[in-house]
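> File entry.txt follows (compact mmCIF, C-alpha atoms):
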# COMPACT_ATOMS: atom_id res chain seq x y z
CA MET A 205 156.87 110.08 25.31
CA ASP A 206 154.57 113.04 25.70
CA PRO A 207 152.26 112.41 28.71
CA GLU A 208 149.54 114.45 27.00
CA ALA A 209 149.39 111.75 24.32
CA ASN A 210 148.87 109.01 26.91
CA PRO A 211 146.36 109.92 29.68
CA GLU A 212 147.44 106.94 31.78
CA MET A 213 150.82 108.60 32.30
CA LYS A 214 149.33 111.72 33.87
CA PRO A 215 149.75 112.05 37.66
CA GLU A 216 146.52 111.65 39.57
CA LYS A 217 146.74 115.16 41.01
CA ALA A 218 149.17 117.88 40.03
CA ASP A 219 151.07 119.89 42.61
CA PRO A 220 149.02 122.90 43.71
CA GLU A 221 149.31 126.19 41.90
CA PRO A 222 151.53 128.57 43.94
CA ASP A 223 148.76 131.13 44.55
CA ALA A 224 146.44 128.40 45.82
CA MET A 225 148.78 127.70 48.75
CA THR A 226 148.10 131.02 50.42
CA ALA A 227 145.39 129.46 52.63
CA LEU A 228 147.83 126.84 53.89
CA GLU A 229 150.47 129.48 54.58
CA GLN A 230 147.89 131.44 56.57
CA ALA A 231 147.15 128.36 58.67
CA LEU A 232 150.87 127.90 59.28
CA GLY A 233 151.35 131.58 60.04
CA TYR A 234 154.29 131.78 57.65
CA ARG A 235 154.75 132.86 54.04
CA PHE A 236 157.34 130.81 52.19
CA GLY A 237 160.03 132.39 50.08
CA ASP A 238 160.43 129.07 48.25
CA ARG A 239 157.09 127.30 47.97
CA GLY A 240 158.78 124.40 46.23
CA ILE A 241 160.08 123.12 49.55
CA LEU A 242 156.56 123.25 50.99
CA GLU A 243 155.29 121.24 48.03
CA THR A 244 157.99 118.64 48.73
CA ALA A 245 156.92 118.49 52.39
CA LEU A 246 153.39 117.59 51.29
CA ARG A 247 154.48 114.88 48.85
CA HIS A 248 154.07 111.37 50.28
CA ALA A 249 156.42 108.59 49.19
CA SER A 250 153.55 106.79 47.44
CA TYR A 251 153.08 109.80 45.14
CA ALA A 252 156.79 110.22 44.51
CA ASN A 253 157.04 106.52 43.61
CA GLU A 254 154.45 107.04 40.87
CA ASN A 255 156.31 110.11 39.60
CA THR A 256 159.96 109.11 39.64
CA ASP A 257 161.31 112.61 38.96
CA LEU A 258 159.85 113.94 42.23
CA GLU A 259 161.31 113.82 45.74
CA SER A 260 159.17 112.56 48.63
CA ASN A 261 158.91 114.22 52.04
CA GLU A 262 160.78 111.44 53.89
CA ARG A 263 164.05 113.37 54.32
CA LEU A 264 162.12 116.39 55.55
CA GLU A 265 160.28 114.18 58.07
CA PHE A 266 163.62 113.22 59.58
CA LEU A 267 164.75 116.82 59.89
CA GLY A 268 161.40 118.04 61.18
CA ASP A 269 161.42 115.47 63.97
CA ALA A 270 164.80 116.75 65.16
CA VAL A 271 163.83 120.42 64.85
CA LEU A 272 160.58 119.92 66.75
CA GLY A 273 162.37 118.08 69.54
CA LEU A 274 164.85 120.93 69.93
CA VAL A 275 162.32 123.75 69.69
CA VAL A 276 159.59 122.29 71.89
CA GLY A 277 162.15 121.06 74.41
CA HIS A 278 163.64 124.56 74.59
CA LEU A 279 160.24 126.20 75.00
CA LEU A 280 159.18 123.80 77.76
CA PHE A 281 162.51 124.35 79.54
CA GLU A 282 161.99 128.11 79.29
CA ALA A 283 158.31 128.09 80.29
CA HIS A 284 158.59 125.75 83.29
CA PRO A 285 161.72 126.52 85.34
CA HIS A 286 160.49 124.36 88.23
CA TRP A 287 159.89 121.20 86.19
CA GLN A 288 162.40 118.41 86.66
CA GLU A 289 163.90 116.32 83.86
CA GLY A 290 161.12 113.73 84.02
CA ASP A 291 158.43 116.42 83.86
CA LEU A 292 160.07 117.97 80.80
CA THR A 293 160.54 114.61 79.09
CA ARG A 294 156.91 113.62 79.54
CA GLY A 295 155.72 117.07 78.49
CA LEU A 296 157.81 116.90 75.32
CA HIS A 297 156.56 113.41 74.50
CA ARG A 298 152.95 114.49 74.94
CA LEU A 299 153.33 117.32 72.45
CA VAL A 300 155.41 115.71 69.70
CA ASP A 301 154.48 112.03 69.65
CA TRP A 302 152.82 110.78 66.47
CA ARG A 303 149.28 111.01 67.82
CA ALA A 304 149.75 114.62 68.88
CA LEU A 305 151.34 115.54 65.55
CA ALA A 306 148.53 113.84 63.63
CA SER A 307 146.05 115.90 65.63
CA LEU A 308 148.04 119.05 64.86
CA GLY A 309 148.08 118.12 61.17
CA ARG A 310 144.29 117.96 61.24
CA GLU A 311 144.07 121.34 62.97
CA LEU A 312 146.22 122.78 60.21
CA ALA A 313 144.03 121.05 57.60
CA LEU A 314 147.03 119.42 55.91
CA GLY A 315 145.02 116.47 54.59
CA PRO A 316 143.60 118.09 51.43
CA TRP A 317 147.06 119.39 50.52
CA LEU A 318 148.82 116.03 50.67
CA ARG A 319 150.03 114.45 47.43
CA LEU A 320 149.35 110.74 47.70
CA GLY A 321 149.65 107.76 45.38
CA ARG A 322 146.52 106.15 43.99
CA THR A 323 146.35 103.40 46.60
CA GLU A 324 146.66 105.87 49.48
CA VAL A 325 144.02 108.11 47.94
CA GLN A 326 141.63 105.17 47.69
CA SER A 327 142.27 104.20 51.33
CA SER A 328 141.75 107.78 52.62
CA GLY A 329 145.43 108.22 53.36
CA GLN A 330 144.92 111.95 53.82
CA ASP A 331 143.31 111.16 57.20
CA LYS A 332 145.71 108.46 58.42
CA ASP A 333 147.50 109.38 61.62
CA SER A 334 150.90 108.16 60.44
CA ILE A 335 150.76 110.10 57.17
CA LEU A 336 149.50 113.28 58.86
CA ALA A 337 152.11 113.09 61.61
CA ASN A 338 154.93 112.61 59.12
CA ALA A 339 153.64 115.43 56.93
CA THR A 340 153.50 117.75 59.95
CA GLU A 341 157.14 117.01 60.70
CA ALA A 342 158.04 117.60 57.06
CA VAL A 343 156.22 120.94 56.97
CA VAL A 344 158.07 122.05 60.11
CA ALA A 345 161.35 121.14 58.41
CA ALA A 346 160.33 123.13 55.35
CA MET A 347 159.63 126.17 57.53
CA TYR A 348 163.00 125.75 59.22
CA LEU A 349 164.92 125.49 55.94
CA ASP A 350 163.04 128.39 54.37
CA GLY A 351 162.90 130.76 57.30
CA GLY A 352 165.19 129.57 60.06
CA LEU A 353 164.81 128.42 63.65
CA GLY A 354 163.02 131.58 64.78
CA VAL A 355 160.14 130.86 62.41
CA VAL A 356 159.65 127.41 63.93
CA MET A 357 159.92 128.89 67.43
CA ASP A 358 157.10 131.32 66.67
CA PHE A 359 155.00 128.53 65.15
CA ALA A 360 155.51 126.27 68.17
CA ARG A 361 154.72 129.04 70.64
CA ARG A 362 151.41 129.52 68.86
CA VAL A 363 150.26 125.93 68.38
CA PHE A 364 151.48 124.73 71.80
CA ALA A 365 150.53 127.90 73.69
CA GLU A 366 148.38 126.13 76.27
CA ALA A 367 151.18 123.77 77.31
CA LEU A 368 153.59 126.71 77.65
CA THR A 369 151.56 128.75 80.14
CA PRO A 370 153.09 129.01 83.62
CA ASP A 371 150.19 127.10 85.21
CA ALA A 372 150.15 124.24 82.67
CA PRO A 373 149.84 120.92 84.54
CA ARG A 374 152.68 118.46 84.65
CA VAL A 375 152.25 115.23 82.70
CA THR A 376 152.73 112.54 85.32
CA ARG A 377 153.45 108.92 84.65
CA ASP A 378 150.37 106.82 84.03
CA PRO A 379 149.19 104.58 86.90
CA LYS A 380 150.26 101.35 85.20
CA THR A 381 153.82 102.59 84.78
CA ARG A 382 154.02 103.91 88.35
CA PHE A 383 152.76 100.67 89.87
CA GLN A 384 154.94 98.52 87.60
CA GLU A 385 158.07 100.43 88.60
CA TRP A 386 157.21 100.02 92.28
CA ALA A 387 156.38 96.31 91.93
CA MET A 388 159.67 95.64 90.17
CA ALA A 389 161.61 97.51 92.88
CA GLU A 390 159.68 95.90 95.76
CA TYR A 391 159.12 92.35 94.51
CA GLY A 392 161.30 92.00 91.41
CA ALA A 393 158.23 91.03 89.40
CA PHE A 394 155.89 92.59 86.86
CA PRO A 395 152.21 92.95 87.80
CA SER A 396 149.75 90.90 85.76
CA TYR A 397 146.35 92.01 84.51
CA ASP A 398 143.71 89.31 84.05
CA LEU A 399 140.24 89.80 82.63
CA VAL A 400 137.76 88.44 85.18
CA GLY A 401 134.49 89.95 83.93
CA ASP A 402 132.77 91.11 80.74
CA SER A 403 129.16 92.28 80.68
CA ASP A 404 129.06 92.06 76.85
CA VAL A 405 127.13 95.34 76.88
CA GLU A 406 128.46 97.88 74.37
CA GLY A 407 128.91 101.30 75.96
CA ASP A 408 128.81 99.94 79.53
CA ASP A 409 131.21 102.10 81.56
CA GLU A 410 132.10 99.04 83.65
CA ARG A 411 131.89 96.43 80.91
CA PHE A 412 135.32 94.90 81.55
CA VAL A 413 136.64 93.98 84.98
CA VAL A 414 140.35 93.34 85.38
CA GLN A 415 142.23 91.85 88.33
CA LEU A 416 145.74 93.12 89.07
CA SER A 417 148.08 90.63 90.77
CA VAL A 418 151.73 90.54 91.80
CA LEU A 419 153.37 87.13 92.18
CA GLY A 420 149.93 85.53 92.14
CA GLN A 421 148.55 87.74 94.92
CA GLU A 422 145.57 89.89 94.04
CA TRP A 423 146.16 93.58 94.66
CA SER A 424 143.11 95.23 93.19
CA ARG A 425 140.36 95.17 90.59
CA GLY A 426 139.16 97.82 88.17
CA GLY A 427 136.36 98.28 85.68
CA GLY A 428 136.13 100.23 82.45
CA ARG A 429 134.51 100.66 79.06
CA THR A 430 137.61 99.08 77.46
CA LYS A 431 140.13 96.54 78.71
CA ARG A 432 142.78 99.23 78.74
CA ALA A 433 140.58 101.52 80.85
CA ALA A 434 139.89 98.64 83.25
CA GLU A 435 143.61 97.94 83.62
CA ARG A 436 144.21 101.62 84.31
CA ALA A 437 141.48 101.64 86.95
CA ALA A 438 142.97 98.55 88.58
CA ALA A 439 146.40 100.19 88.68
CA LYS A 440 144.91 103.32 90.25
CA ALA A 441 143.22 101.19 92.88
CA ALA A 442 146.50 99.39 93.59
CA LEU A 443 148.25 102.73 94.09
CA VAL A 444 145.53 103.83 96.50
CA ARG A 445 146.02 100.59 98.44
CA ARG A 446 149.77 101.24 98.50
CA ASP A 447 149.69 104.96 99.35
CA GLY A 448 146.28 105.60 100.86
CA PRO A 449 143.28 107.48 99.40
CA ARG A 450 144.85 110.91 99.91
CA SER A 451 147.86 110.18 97.73
CA GLU A 452 148.53 113.21 95.53
CA GLU A 453 149.32 111.08 92.48
CA THR A 454 146.43 108.64 92.77
CA ARG A 455 143.53 111.03 93.32
CA GLU A 456 141.04 111.20 90.46
CA GLY A 457 142.21 113.49 87.66
CA GLY A 458 145.73 113.76 89.04
CA ASP A 459 147.51 112.14 86.14
CA LEU A 460 147.70 112.02 82.38
CA ASP A 461 148.99 109.14 80.32
CA PRO A 462 151.62 110.46 77.88
CA GLU A 463 151.07 107.42 75.67
CA SER A 464 147.46 108.36 75.05
CA ALA A 465 147.28 112.10 75.67
CA ILE A 466 146.87 114.21 72.56
CA ARG A 467 147.58 117.87 73.03
CA GLY A 468 146.70 117.68 76.72
CA ASP A 469 143.54 115.56 76.55
CA GLU A 470 143.42 112.31 78.46
CA GLY A 471 142.31 109.30 76.45
CA GLU A 472 141.58 105.66 76.96
Just give me the structure as structure tokens.


Amino acid sequence: MDPEANPEMKPEKADPEPDAMTALEQALGYRFGDRGILETALRHASYANENTDLESNERLEFLGDAVLGLVVGHLLFEAHPHWQEGDLTRGLHRLVDWRALASLGRELALGPWLRLGRTEVQSSGQDKDSILANATEAVVAAMYLDGGLGVVMDFARRVFAEALTPDAPRVTRDPKTRFQEWAMAEYGAFPSYDLVGDSDVEGDDERFVVQLSVLGQEWSRGGGRTKRAAERAAAKAALVRRDGPRSEETREGGDLDPESAIRGDEGE
């Protein structure tokens, strides 16, 4: 049946005209020889499901994840000869976890270029972290297949330039992880975090108060705007109690949480 004769059969949004993709290529810093593979990278499964003759970007996501791991790992290894394995692992995780890749996708303005199914369009899927992160991986895979590993290397050097400078700070383990590892080694038990106070005041920097205990013995307390921030503060206080106030790892600003850091910024 001719789709022109039945408007309901028309896709919600056609793939972009080739010349219209120049702006995206400029953002990526790479001009594709085969723009068809870039179009596939921007095609979410929900769109492909509504247009059964089209391939989604899921296979490219898989490849892009592997390529990014190799390229960014290599660049970190090259840029930081004095970093140990743990430093490199945490640095890699910070740069290529899904939050960081979603942030990168926004910087590249991928959202307007994504091809989404009707439901995802209605739920603002173009700004969902998971969809943006996956699309970023797929676009990297498309660059790799179209131009080779050197193209992705150049792209990564540009977008991760700050993390590749010789004086870039190490990403240390977050306080909760450090204290948990020590408590397990010392006592064979996990620390517990119990909420002992809530001011009920929105925006209060010390709204929540959490008590950290090991085997029922209180070690410290911490306050924060969120429960997670209060737990983190309690863990920091416990590390100070364990190591003393001059501990290099426990001083204020001396650590970043790789689970929450996005492109080098500490979060709660």

> Of the candidates A:Val275, A:Ala433, A:Ala439, A:Leu296, which one gets nearest to A:Tyr348 if we count all atoms listed in the file?

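Once distances to A:Tyr348 are computed over all atoms listed in the file, the minimum belongs to A:Val275.
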
> Determine the nearest neighbour of A:Gly351 from the options A:Ala393, A:Ala306, A:Ile241, A:Ala231, counting all atoms listed in the file.

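The shortest atom-to-atom distance to A:Gly351 comes from A:Ile241.
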
> Using only C-alpha atoms, find each residue in stretch 323-424 of chain A having at least one atom no more than 10 Å away from stretch 247-257 of chain A; report its shortest atom-to-atom pair and that distance in Å (one decimal), rows by chain then rising number, as JSON lines.


{"residue": "A:Thr323", "atom": "CA", "partner": "A:Ser250", "partner_atom": "CA", "distance": 8.0}
{"residue": "A:Glu324", "atom": "CA", "partner": "A:Ser250", "partner_atom": "CA", "distance": 7.2}
{"residue": "A:Val325", "atom": "CA", "partner": "A:Tyr251", "partner_atom": "CA", "distance": 9.6}
{"residue": "A:Gly329", "atom": "CA", "partner": "A:His248", "partner_atom": "CA", "distance": 9.7}
{"residue": "A:Gln330", "atom": "CA", "partner": "A:His248", "partner_atom": "CA", "distance": 9.8}
{"residue": "A:Ile335", "atom": "CA", "partner": "A:His248", "partner_atom": "CA", "distance": 7.7}
{"residue": "A:Leu336", "atom": "CA", "partner": "A:His248", "partner_atom": "CA", "distance": 9.9}
{"residue": "A:Asn338", "atom": "CA", "partner": "A:His248", "partner_atom": "CA", "distance": 9.0}
{"residue": "A:Ala339", "atom": "CA", "partner": "A:His248", "partner_atom": "CA", "distance": 7.8}
{"residue": "A:Ala342", "atom": "CA", "partner": "A:Arg247", "partner_atom": "CA", "distance": 9.4}

> Residues of the last selection are to be written out with C-alpha atoms, as a tab-separated table (two decimals), in the coordinates of the input.


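And here's again-v4.tsv as it stands now:
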chain	number	residue	atom	x	y	z
A	323	THR	CA	146.35	103.40	46.60
A	324	GLU	CA	146.66	105.87	49.48
A	325	VAL	CA	144.02	108.11	47.94
A	329	GLY	CA	145.43	108.22	53.36
A	330	GLN	CA	144.92	111.95	53.82
A	335	ILE	CA	150.76	110.10	57.17
A	336	LEU	CA	149.50	113.28	58.86
A	338	ASN	CA	154.93	112.61	59.12
A	339	ALA	CA	153.64	115.43	56.93
A	342	ALA	CA	158.04	117.60	57.06

> Please, which residues are within 6 Å of (147.3, 114.3, 54.2) by the file's coordinates, counting all atoms listed in the file, and could they come as a list in words?

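Within 6 Å of (147.3, 114.3, 54.2), the protein and nucleic acid residues are Leu314, Gly315, Pro316, Leu318, Gln330, Asp331 and Leu336 of chain A.
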
> May I ask for the distance between atom CA of A:Ala337 and atom CA of A:Asp358, given in Å to one decimal place?

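For atom CA of A:Ala337 relative to atom CA of A:Asp358, the distance reads 19.6 Å.
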
> Hey, can I get the axis-aligned box for stretch 433-443 of chain A? All listed atoms, 8 Å padding on each side, centre and edge lengths in Å to one decimal, as JSON.


{"center_x": 144.1, "center_y": 100.6, "center_z": 87.5, "size_x": 24.4, "size_y": 21.4, "size_z": 29.2}

> Here is a test: counting only C-alpha atoms, which residue of A:Ala283, A:Ala365, A:Val356, A:Ala434 is nearest to A:Ala270?

A:Val356

> Given the choices A:Val276, A:Val355, A:Ser260, A:Ala442, which gets closest to A:Gly321 if the distance is worked out from all atoms listed in the file?

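Residue with the minimum atom-to-atom distance to A:Gly321: A:Ser260.
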
> Between atom CA of A:Gly426 and atom CA of A:Ala441, measure the distance and give it in Å to one decimal.

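Atom CA of A:Ala441 lies 7.1 Å from atom CA of A:Gly426.
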
> Find the spatial neighbours of A:Val300, counting all atoms listed in the file, within a cut-off of 8 Å - ignore same-chain residues fewer than 5 positions away - and output them as a tab-separated table (two decimals) with C-alpha atoms, in the coordinates of the input.


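Listed below is the output, part34.tsv:
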chain	number	residue	atom	x	y	z
A	272	LEU	CA	160.58	119.92	66.75
A	273	GLY	CA	162.37	118.08	69.54
A	305	LEU	CA	151.34	115.54	65.55

> Enter the distance from atom CA of A:Asp333 to atom CA of A:Arg263, in Å, rounded to one decimal.

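Those two atoms sit 18.5 Å apart.
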
> Neighbourhood query: residues within 9 Å of (148.0, 95.9, 84.5), file coordinates, counting all atoms listed in the file; return as a list of chain:residue names.

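With a cut-off of 9 Å, the residues come to A:Lys380, A:Thr381, A:Phe383, A:Gln384, A:Phe394, A:Pro395, A:Ser396, A:Tyr397, A:Asp398, A:Val414, A:Gln415, A:Leu416, A:Ser417, A:Arg432, A:Ala434, A:Glu435, A:Arg436, A:Ala438, A:Ala439.
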
> So, with only C-alpha atoms as the atoms that count, which of A:Ala346, A:Leu368, A:Leu419, A:Met388 lies closest to A:His278?

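Of all the options, A:Leu368 lies closest to A:His278.
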
> Check the smallest atom-to-atom distance from each of A:Leu274, A:Leu320, A:Glu341, A:Asp378 to A:Glu262 using only C-alpha atoms, then report the winner.

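The shortest atom-to-atom distance to A:Glu262 comes from A:Glu341.
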
> Kindly add N, CA and C atoms to the incomplete stretch 265-298 of chain A and provide the output as an mmCIF file, in the frame of the given file.


data_model
loop_
_atom_site.group_PDB
_atom_site.id
_atom_site.type_symbol
_atom_site.label_atom_id
_atom_site.label_comp_id
_atom_site.auth_asym_id
_atom_site.auth_seq_id
_atom_site.Cartn_x
_atom_site.Cartn_y
_atom_site.Cartn_z
ATOM 1 N N GLU A 265 160.833 114.749 56.829
ATOM 2 C CA GLU A 265 160.280 114.180 58.070
ATOM 3 C C GLU A 265 161.376 114.009 59.104
ATOM 4 N N PHE A 266 162.487 113.447 58.677
ATOM 5 C CA PHE A 266 163.620 113.220 59.580
ATOM 6 C C PHE A 266 164.084 114.521 60.207
ATOM 7 N N LEU A 267 164.268 115.536 59.382
ATOM 8 C CA LEU A 267 164.750 116.820 59.890
ATOM 9 C C LEU A 267 163.708 117.476 60.783
ATOM 10 N N GLY A 268 162.447 117.408 60.388
ATOM 11 C CA GLY A 268 161.400 118.040 61.180
ATOM 12 C C GLY A 268 161.268 117.439 62.567
ATOM 13 N N ASP A 269 161.461 116.131 62.672
ATOM 14 C CA ASP A 269 161.420 115.470 63.970
ATOM 15 C C ASP A 269 162.489 116.040 64.901
ATOM 16 N N ALA A 270 163.706 116.214 64.356
ATOM 17 C CA ALA A 270 164.800 116.750 65.160
ATOM 18 C C ALA A 270 164.564 118.209 65.535
ATOM 19 N N VAL A 271 164.078 118.995 64.589
ATOM 20 C CA VAL A 271 163.830 120.420 64.850
ATOM 21 C C VAL A 271 162.738 120.600 65.893
ATOM 22 N N LEU A 272 161.660 119.820 65.771
ATOM 23 C CA LEU A 272 160.580 119.920 66.750
ATOM 24 C C LEU A 272 161.052 119.548 68.151
ATOM 25 N N GLY A 273 161.854 118.488 68.239
ATOM 26 C CA GLY A 273 162.370 118.080 69.540
ATOM 27 C C GLY A 273 163.173 119.194 70.190
ATOM 28 N N LEU A 274 164.030 119.835 69.407
ATOM 29 C CA LEU A 274 164.850 120.930 69.930
ATOM 30 C C LEU A 274 163.983 122.115 70.333
ATOM 31 N N VAL A 275 163.097 122.546 69.445
ATOM 32 C CA VAL A 275 162.320 123.750 69.690
ATOM 33 C C VAL A 275 161.341 123.575 70.846
ATOM 34 N N VAL A 276 160.583 122.496 70.827
ATOM 35 C CA VAL A 276 159.590 122.290 71.890
ATOM 36 C C VAL A 276 160.283 122.024 73.221
ATOM 37 N N GLY A 277 161.385 121.275 73.187
ATOM 38 C CA GLY A 277 162.150 121.060 74.410
ATOM 39 C C GLY A 277 162.647 122.374 74.992
ATOM 40 N N HIS A 278 163.157 123.250 74.142
ATOM 41 C CA HIS A 278 163.640 124.560 74.590
ATOM 42 C C HIS A 278 162.500 125.390 75.192
ATOM 43 N N LEU A 279 161.354 125.394 74.515
ATOM 44 C CA LEU A 279 160.240 126.200 75.000
ATOM 45 C C LEU A 279 159.687 125.686 76.325
ATOM 46 N N LEU A 280 159.626 124.367 76.486
ATOM 47 C CA LEU A 280 159.180 123.800 77.760
ATOM 48 C C LEU A 280 160.180 124.142 78.871
ATOM 49 N N PHE A 281 161.459 124.020 78.571
ATOM 50 C CA PHE A 281 162.510 124.350 79.540
ATOM 51 C C PHE A 281 162.397 125.803 79.981
ATOM 52 N N GLU A 282 162.118 126.677 79.027
ATOM 53 C CA GLU A 282 161.990 128.110 79.290
ATOM 54 C C GLU A 282 160.717 128.435 80.052
ATOM 55 N N ALA A 283 159.619 127.760 79.707
ATOM 56 C CA ALA A 283 158.310 128.090 80.290
ATOM 57 C C ALA A 283 158.120 127.526 81.687
ATOM 58 N N HIS A 284 158.821 126.441 82.017
ATOM 59 C CA HIS A 284 158.590 125.750 83.290
ATOM 60 C C HIS A 284 159.894 125.552 84.052
ATOM 61 N N PRO A 285 160.417 126.611 84.654
ATOM 62 C CA PRO A 285 161.720 126.520 85.340
ATOM 63 C C PRO A 285 161.719 125.573 86.540
ATOM 64 N N HIS A 286 160.546 125.225 87.058
ATOM 65 C CA HIS A 286 160.490 124.360 88.230
ATOM 66 C C HIS A 286 160.265 122.886 87.870
ATOM 67 N N TRP A 287 160.068 122.592 86.604
ATOM 68 C CA TRP A 287 159.890 121.200 86.190
ATOM 69 C C TRP A 287 161.225 120.478 86.205
ATOM 70 N N GLN A 288 161.203 119.242 86.671
ATOM 71 C CA GLN A 288 162.400 118.410 86.660
ATOM 72 C C GLN A 288 162.528 117.706 85.307
ATOM 73 N N GLU A 289 163.636 116.973 85.147
ATOM 74 C CA GLU A 289 163.900 116.320 83.860
ATOM 75 C C GLU A 289 162.745 115.419 83.433
ATOM 76 N N GLY A 290 162.215 114.625 84.371
ATOM 77 C CA GLY A 290 161.120 113.730 84.020
ATOM 78 C C GLY A 290 159.880 114.480 83.573
ATOM 79 N N ASP A 291 159.579 115.604 84.247
ATOM 80 C CA ASP A 291 158.430 116.420 83.860
ATOM 81 C C ASP A 291 158.602 116.930 82.429
ATOM 82 N N LEU A 292 159.802 117.421 82.127
ATOM 83 C CA LEU A 292 160.070 117.970 80.800
ATOM 84 C C LEU A 292 160.006 116.887 79.733
ATOM 85 N N THR A 293 160.550 115.717 80.051
ATOM 86 C CA THR A 293 160.540 114.610 79.090
ATOM 87 C C THR A 293 159.127 114.187 78.756
ATOM 88 N N ARG A 294 158.284 114.035 79.785
ATOM 89 C CA ARG A 294 156.910 113.620 79.540
ATOM 90 C C ARG A 294 156.121 114.718 78.834
ATOM 91 N N GLY A 295 156.392 115.981 79.180
ATOM 92 C CA GLY A 295 155.720 117.070 78.490
ATOM 93 C C GLY A 295 156.085 117.129 77.019
ATOM 94 N N LEU A 296 157.368 116.910 76.718
ATOM 95 C CA LEU A 296 157.810 116.900 75.320
ATOM 96 C C LEU A 296 157.156 115.754 74.561
ATOM 97 N N HIS A 297 157.156 114.579 75.163
ATOM 98 C CA HIS A 297 156.560 113.410 74.500
ATOM 99 C C HIS A 297 155.096 113.642 74.202
ATOM 100 N N ARG A 298 154.385 114.250 75.140
ATOM 101 C CA ARG A 298 152.950 114.490 74.940
ATOM 102 C C ARG A 298 152.702 115.369 73.736
#
